[in-house]
Amino acid sequence: TMEFPKLPPQDGSVLSVVDMHTGGEPLRIILSGYPDVTGDTVLAKRRYAREHLDQFRKVLMFEPRGHYDMYGALLVQSEIAEADMGVLFMHNEGYSTMCGHAVIALGRFAVDYGFVKAPSSPETQINIHCPCGLVKAFVEYSNGKTGAVRFHSVPAFAFATDVKVTVPGYGEITVDISYGGALYAFVSAETFGMDVSKSRTRDLVDVATAVSSAVKSQVKLHHPVSEDLAFLYGTILTDGKDDFSDEPTANICVFADAQLQFVPVKVMLEFKAVSIADGLCFQVDRSPTGSGVTARIALQYHKGLIQLHQTRSFKSGTTGAVFTGKAVQETTCGDFKAVVVEVAGHAYYSGVASFTLENDDTLKNGFLLR
């Protein structure tokens with residue numbers, strides 16, 4: 001058998017990554033090769049990466065190294081003393097403020113890669129500083145092996161309920177908006193005559209994208225901690241089963257919808273690149289969406305549909321993967337009544353890789369196809 005192959009001599013930079021997935025949703029953890037990200041806070045680092053280093057996001061998220069639905073995590077220094085790591089989240093459009101599936105994966109990764117000097121059994125705590133705040137993860141650890149991960153969210157709250165918005169082709173509909181580290185709009189797929197587990201993904205995406213666009217244009221959003229958090233990250237279509245039950249409730253999250261900026265791709269003659277600014281860019285979460293589960297639990301708690309420490313199961317409408325969630329503590333976020341939510345799931349390793357950027361490669365900066 002061959003040894004693990006090394007890259008031949010070349011003149012470009014090299015970026016090293018570990019690839020994982022949580023419930024089918026990918027996570028590319030960037031280990032080395034990324035330029036330094038400056039800023040006094042993790043939120044400031046997020047702004048700096050977006051304004052000055054965005055070409056590297058495209059290199060690792062876009063083809064030929066990534067794909068339309070790739071998701072990434074860039075490790076950065078945190079300004080919080082109790083944090084074991086800071087992280088920036090990235091995807092095909094930009095940078096999120098929270099990502100639950102990534103936190104679950106990063107929990108395992110942090111223990112396995114020595115971010116904690118002396119892991120303890122049965123669980124090891126990892127403090128992960130996300131742009132939305134400090135998230136505490138708890139990683140199963142036994143006989144040198146990591147397992148399931150649960151995390152405690154930042155304060156999560158119902159931002160607004162029974163909000164009327166007009167969606168082209170569907171008229172006036174009612175949505176709820178809730179925060180779980182990022183703001184989401186929630187609406188039952190039945191509103192549009194669809195089923196989150198059986199309808200075509202393309203049809204679900206079209207509806208969710210239309211809802212996101214309507215909310216963004218018709219609802220003024222804000223956040224009591226920072227205006228950097230006051231944006232709609234996406235829409236989550238549910239099966240409408242919000243009353244407490246031992247049976248799983250299904251949802252599908254469509255996020256990161258925004259106009260893409262033009263990225264020249266001169267050699268593409270026979271196919272269409274999504275890097276042209278002629279439409280919306282979005283991603284479909286393969287997992288039940290960790291921050292979405294957080295926001296959905298906060299919404300159910302606000303409506304009196306679930307009590308503290310009642311555990312619900314949330315199933316992905318795309319892969320069938322399951323996370324569990326429960327409200328574990330009442331708190332506040334500014335003037336909002338909030339809860340800390342515990343979300344649990346499993347993450348798995350997909351592989352490791354070293355990616356190169358050869359200087360004479362005309363496609364080295366990446367492209368997307370739809």
# chains A, B, ... in the order shown; residues from 1 in each chain; ligands from 1
>>> residues_around(residues="Ile30 in chain A", least_positions_apart="3", cutoff="10 Å", atoms="only C-alpha atoms", output="NGL selection string")
:A and (15-19 or 27 or 33-34 or 60 or 72-75 or 353-354)
>>> write_last_selection(atoms="N, CA and C atoms", output="PDB file, in the first residue's frame")
ATOM      1  N   LEU A  15      -3.638  24.881   2.316  1.00  0.00           N
ATOM      2  CA  LEU A  15      -4.567  24.974   3.441  1.00  0.00           C
ATOM      3  C   LEU A  15      -4.918  23.564   3.895  1.00  0.00           C
ATOM      4  N   SER A  16      -4.768  23.305   5.195  1.00  0.00           N
ATOM      5  CA  SER A  16      -5.033  21.984   5.743  1.00  0.00           C
ATOM      6  C   SER A  16      -6.340  21.988   6.529  1.00  0.00           C
ATOM      7  N   VAL A  17      -7.123  20.920   6.369  1.00  0.00           N
ATOM      8  CA  VAL A  17      -8.448  20.866   6.984  1.00  0.00           C
ATOM      9  C   VAL A  17      -8.742  19.475   7.531  1.00  0.00           C
ATOM     10  N   VAL A  18      -9.689  19.425   8.449  1.00  0.00           N
ATOM     11  CA  VAL A  18     -10.333  18.186   8.879  1.00  0.00           C
ATOM     12  C   VAL A  18     -11.797  18.295   8.482  1.00  0.00           C
ATOM     13  N   ASP A  19     -12.310  17.302   7.796  1.00  0.00           N
ATOM     14  CA  ASP A  19     -13.713  17.293   7.384  1.00  0.00           C
ATOM     15  C   ASP A  19     -14.527  16.374   8.286  1.00  0.00           C
ATOM     16  N   LEU A  27     -18.923  19.802   7.771  1.00  0.00           N
ATOM     17  CA  LEU A  27     -18.153  20.846   8.448  1.00  0.00           C
ATOM     18  C   LEU A  27     -16.687  20.675   8.067  1.00  0.00           C
ATOM     19  N   GLY A  33      -2.933  27.535   7.103  1.00  0.00           N
ATOM     20  CA  GLY A  33      -2.861  28.111   5.776  1.00  0.00           C
ATOM     21  C   GLY A  33      -3.687  29.360   5.586  1.00  0.00           C
ATOM     22  N   TYR A  34      -4.578  29.648   6.555  1.00  0.00           N
ATOM     23  CA  TYR A  34      -5.423  30.843   6.478  1.00  0.00           C
ATOM     24  C   TYR A  34      -4.645  32.037   7.021  1.00  0.00           C
ATOM     25  N   LEU A  60     -12.201  27.548  -0.078  1.00  0.00           N
ATOM     26  CA  LEU A  60     -12.475  26.307   0.637  1.00  0.00           C
ATOM     27  C   LEU A  60     -13.939  25.876   0.603  1.00  0.00           C
ATOM     28  N   GLY A  72     -18.071  25.676   6.764  1.00  0.00           N
ATOM     29  CA  GLY A  72     -16.728  25.700   7.308  1.00  0.00           C
ATOM     30  C   GLY A  72     -16.638  26.327   8.678  1.00  0.00           C
ATOM     31  N   ALA A  73     -15.532  26.023   9.375  1.00  0.00           N
ATOM     32  CA  ALA A  73     -15.238  26.598  10.686  1.00  0.00           C
ATOM     33  C   ALA A  73     -13.772  27.000  10.716  1.00  0.00           C
ATOM     34  N   LEU A  74     -13.529  28.265  10.990  1.00  0.00           N
ATOM     35  CA  LEU A  74     -12.173  28.793  11.094  1.00  0.00           C
ATOM     36  C   LEU A  74     -11.876  29.069  12.563  1.00  0.00           C
ATOM     37  N   LEU A  75     -10.846  28.423  13.093  1.00  0.00           N
ATOM     38  CA  LEU A  75     -10.488  28.592  14.498  1.00  0.00           C
ATOM     39  C   LEU A  75      -9.732  29.906  14.681  1.00  0.00           C
ATOM     40  N   ALA A 353      -7.491  16.643   4.713  1.00  0.00           N
ATOM     41  CA  ALA A 353      -7.017  17.016   3.380  1.00  0.00           C
ATOM     42  C   ALA A 353      -6.105  18.220   3.454  1.00  0.00           C
ATOM     43  N   SER A 354      -5.238  18.338   2.453  1.00  0.00           N
ATOM     44  CA  SER A 354      -4.441  19.532   2.226  1.00  0.00           C
ATOM     45  C   SER A 354      -4.779  20.050   0.838  1.00  0.00           C
TER      46      SER A 354
END
>>> select_by_dssp(residues="range 178-213 of chain A", states="helix (DSSP H, G or I)", output="JSON, numbers by chain")
{"A": [189, 190, 191, 192, 201, 202, 203, 204, 205, 206, 207, 208, 209, 210, 211, 212, 213]}
>>> residues_around(residues="range 228-232 of chain A", least_positions_apart="6", cutoff="8 Å", atoms="only C-alpha atoms", output="ChimeraX atom specification")
/A:43,97,132,182-185,212,215-216,221-222
>>> write_last_selection(atoms="N, CA, C and O atoms", output="PDB file, in the first residue's frame")
ATOM      1  N   LEU A  43     -16.575  38.802  17.215  1.00  0.00           N
ATOM      2  CA  LEU A  43     -17.447  39.500  16.272  1.00  0.00           C
ATOM      3  C   LEU A  43     -16.651  40.431  15.365  1.00  0.00           C
ATOM      4  O   LEU A  43     -16.934  40.545  14.165  1.00  0.00           O
ATOM      5  N   THR A  97     -23.483  33.550  12.596  1.00  0.00           N
ATOM      6  CA  THR A  97     -23.142  33.911  13.963  1.00  0.00           C
ATOM      7  C   THR A  97     -23.207  32.717  14.914  1.00  0.00           C
ATOM      8  O   THR A  97     -22.648  32.755  16.006  1.00  0.00           O
ATOM      9  N   CYS A 132     -21.940  34.647  18.289  1.00  0.00           N
ATOM     10  CA  CYS A 132     -23.112  35.013  19.089  1.00  0.00           C
ATOM     11  C   CYS A 132     -22.833  34.987  20.577  1.00  0.00           C
ATOM     12  O   CYS A 132     -23.650  35.484  21.373  1.00  0.00           O
ATOM     13  N   ALA A 182     -28.952  32.688  15.983  1.00  0.00           N
ATOM     14  CA  ALA A 182     -29.264  33.367  14.724  1.00  0.00           C
ATOM     15  C   ALA A 182     -30.786  33.445  14.648  1.00  0.00           C
ATOM     16  O   ALA A 182     -31.494  32.651  15.272  1.00  0.00           O
ATOM     17  N   LEU A 183     -31.285  34.408  13.899  1.00  0.00           N
ATOM     18  CA  LEU A 183     -32.730  34.602  13.760  1.00  0.00           C
ATOM     19  C   LEU A 183     -33.281  33.782  12.597  1.00  0.00           C
ATOM     20  O   LEU A 183     -32.722  33.796  11.500  1.00  0.00           O
ATOM     21  N   TYR A 184     -34.387  33.092  12.856  1.00  0.00           N
ATOM     22  CA  TYR A 184     -35.056  32.283  11.843  1.00  0.00           C
ATOM     23  C   TYR A 184     -36.536  32.628  11.792  1.00  0.00           C
ATOM     24  O   TYR A 184     -37.149  32.947  12.819  1.00  0.00           O
ATOM     25  N   ALA A 185     -37.112  32.514  10.601  1.00  0.00           N
ATOM     26  CA  ALA A 185     -38.563  32.532  10.442  1.00  0.00           C
ATOM     27  C   ALA A 185     -39.049  31.088  10.446  1.00  0.00           C
ATOM     28  O   ALA A 185     -38.422  30.208   9.842  1.00  0.00           O
ATOM     29  N   SER A 212     -38.220  33.974   3.368  1.00  0.00           N
ATOM     30  CA  SER A 212     -37.087  34.761   3.872  1.00  0.00           C
ATOM     31  C   SER A 212     -37.054  36.152   3.241  1.00  0.00           C
ATOM     32  O   SER A 212     -36.848  37.160   3.928  1.00  0.00           O
ATOM     33  N   VAL A 215     -39.861  38.312   4.767  1.00  0.00           N
ATOM     34  CA  VAL A 215     -39.578  38.757   6.136  1.00  0.00           C
ATOM     35  C   VAL A 215     -38.507  39.846   6.126  1.00  0.00           C
ATOM     36  O   VAL A 215     -38.621  40.864   6.824  1.00  0.00           O
ATOM     37  N   LYS A 216     -37.462  39.650   5.331  1.00  0.00           N
ATOM     38  CA  LYS A 216     -36.382  40.639   5.292  1.00  0.00           C
ATOM     39  C   LYS A 216     -36.865  42.003   4.819  1.00  0.00           C
ATOM     40  O   LYS A 216     -36.404  43.045   5.304  1.00  0.00           O
ATOM     41  N   LEU A 221     -35.886  43.857  12.069  1.00  0.00           N
ATOM     42  CA  LEU A 221     -35.287  42.976  13.064  1.00  0.00           C
ATOM     43  C   LEU A 221     -34.276  43.744  13.906  1.00  0.00           C
ATOM     44  O   LEU A 221     -33.629  44.680  13.434  1.00  0.00           O
ATOM     45  N   HIS A 222     -34.137  43.338  15.155  1.00  0.00           N
ATOM     46  CA  HIS A 222     -33.085  43.898  15.999  1.00  0.00           C
ATOM     47  C   HIS A 222     -32.669  42.851  17.015  1.00  0.00           C
ATOM     48  O   HIS A 222     -33.332  41.824  17.201  1.00  0.00           O
TER      49      HIS A 222
END
>>> residues_around(residues="Ser153 in chain A", least_positions_apart="6", cutoff="7 Å", atoms="only C-alpha atoms", output="VMD selection string")
chain A and resid 135 340 to 342
>>> atom_distance(atom1="CA of Val165 in chain A", atom2="CA of Ser178 in chain A")
15.4 Å
>>> residues_around(residues="Ala208 in chain A", least_positions_apart="6", cutoff="7 Å", atoms="only C-alpha atoms", output="ChimeraX atom specification")
/A:235,237,254
>>> write_last_selection(atoms="C-alpha atoms", output="PDB file, in the first residue's frame")
ATOM      1  CA  THR A 235     -36.470  30.065   7.111  1.00  0.00           C
ATOM      2  CA  LEU A 237     -40.298  24.883   7.381  1.00  0.00           C
ATOM      3  CA  VAL A 254     -33.023  26.859   4.107  1.00  0.00           C
TER       4      VAL A 254
END
>>> residues_around(residues="Asp112 in chain A", least_positions_apart="6", cutoff="9 Å", atoms="only C-alpha atoms", output="list in words")
Gly144, Lys145 and Thr146 of chain A
>>> write_last_selection(atoms="N, CA and C atoms", output="mmCIF file, in the first residue's frame")
data_model
loop_
_atom_site.group_PDB
_atom_site.id
_atom_site.type_symbol
_atom_site.label_atom_id
_atom_site.label_comp_id
_atom_site.auth_asym_id
_atom_site.auth_seq_id
_atom_site.Cartn_x
_atom_site.Cartn_y
_atom_site.Cartn_z
ATOM 1 N N GLY A 144 -10.533 6.843 26.076
ATOM 2 C CA GLY A 144 -9.799 7.533 25.022
ATOM 3 C C GLY A 144 -10.600 7.843 23.771
ATOM 4 N N LYS A 145 -11.909 7.561 23.775
ATOM 5 C CA LYS A 145 -12.729 7.791 22.587
ATOM 6 C C LYS A 145 -13.838 8.798 22.884
ATOM 7 N N THR A 146 -14.104 9.641 21.903
ATOM 8 C CA THR A 146 -15.184 10.614 22.022
ATOM 9 C C THR A 146 -16.465 10.057 21.413
#
>>> closest_atom_pairs(of="range 134-174 of chain A", to="range 117-128 of chain A", cutoff="6 Å", atoms="only C-alpha atoms", output="Markdown table")
| residue | atom | partner | partner_atom | distance |
| --- | --- | --- | --- | --- |
| A:Leu134 | CA | A:Ile128 | CA | 5.8 |
| A:Val135 | CA | A:Ile128 | CA | 5.2 |
| A:Lys136 | CA | A:Asn127 | CA | 4.6 |
| A:Ala137 | CA | A:Ile126 | CA | 5.0 |
| A:Phe138 | CA | A:Gln125 | CA | 4.5 |
| A:Val139 | CA | A:Thr124 | CA | 5.1 |
| A:Glu140 | CA | A:Glu123 | CA | 4.5 |
| A:Tyr141 | CA | A:Ser121 | CA | 5.2 |
| A:Ser142 | CA | A:Ser121 | CA | 5.7 |
>>> select_by_dssp(residues="range 122-343 of chain A", states="strand (DSSP E or B)", output="PyMOL selection string")
chain A and resi 123-130+133-142+145-152+156-167+171-179+183-188+232-238+249-259+273+280-284+312-316+322-333+336-343
>>> closest_residue(among="A:Ile177, A:Met90, A:Gly12, A:Lys326", to="Arg50 in chain A", atoms="only C-alpha atoms")
A:Met90
>>> closest_residue(among="A:Ala256, A:Ala81, A:Ile297, A:Ile104", to="Thr311 in chain A", atoms="only C-alpha atoms")
A:Ile297
>>> residues_around(residues="His52 in chain A", least_positions_apart="5", cutoff="12 Å", atoms="only C-alpha atoms", output="ChimeraX atom specification")
/A:35-39,44-47,57
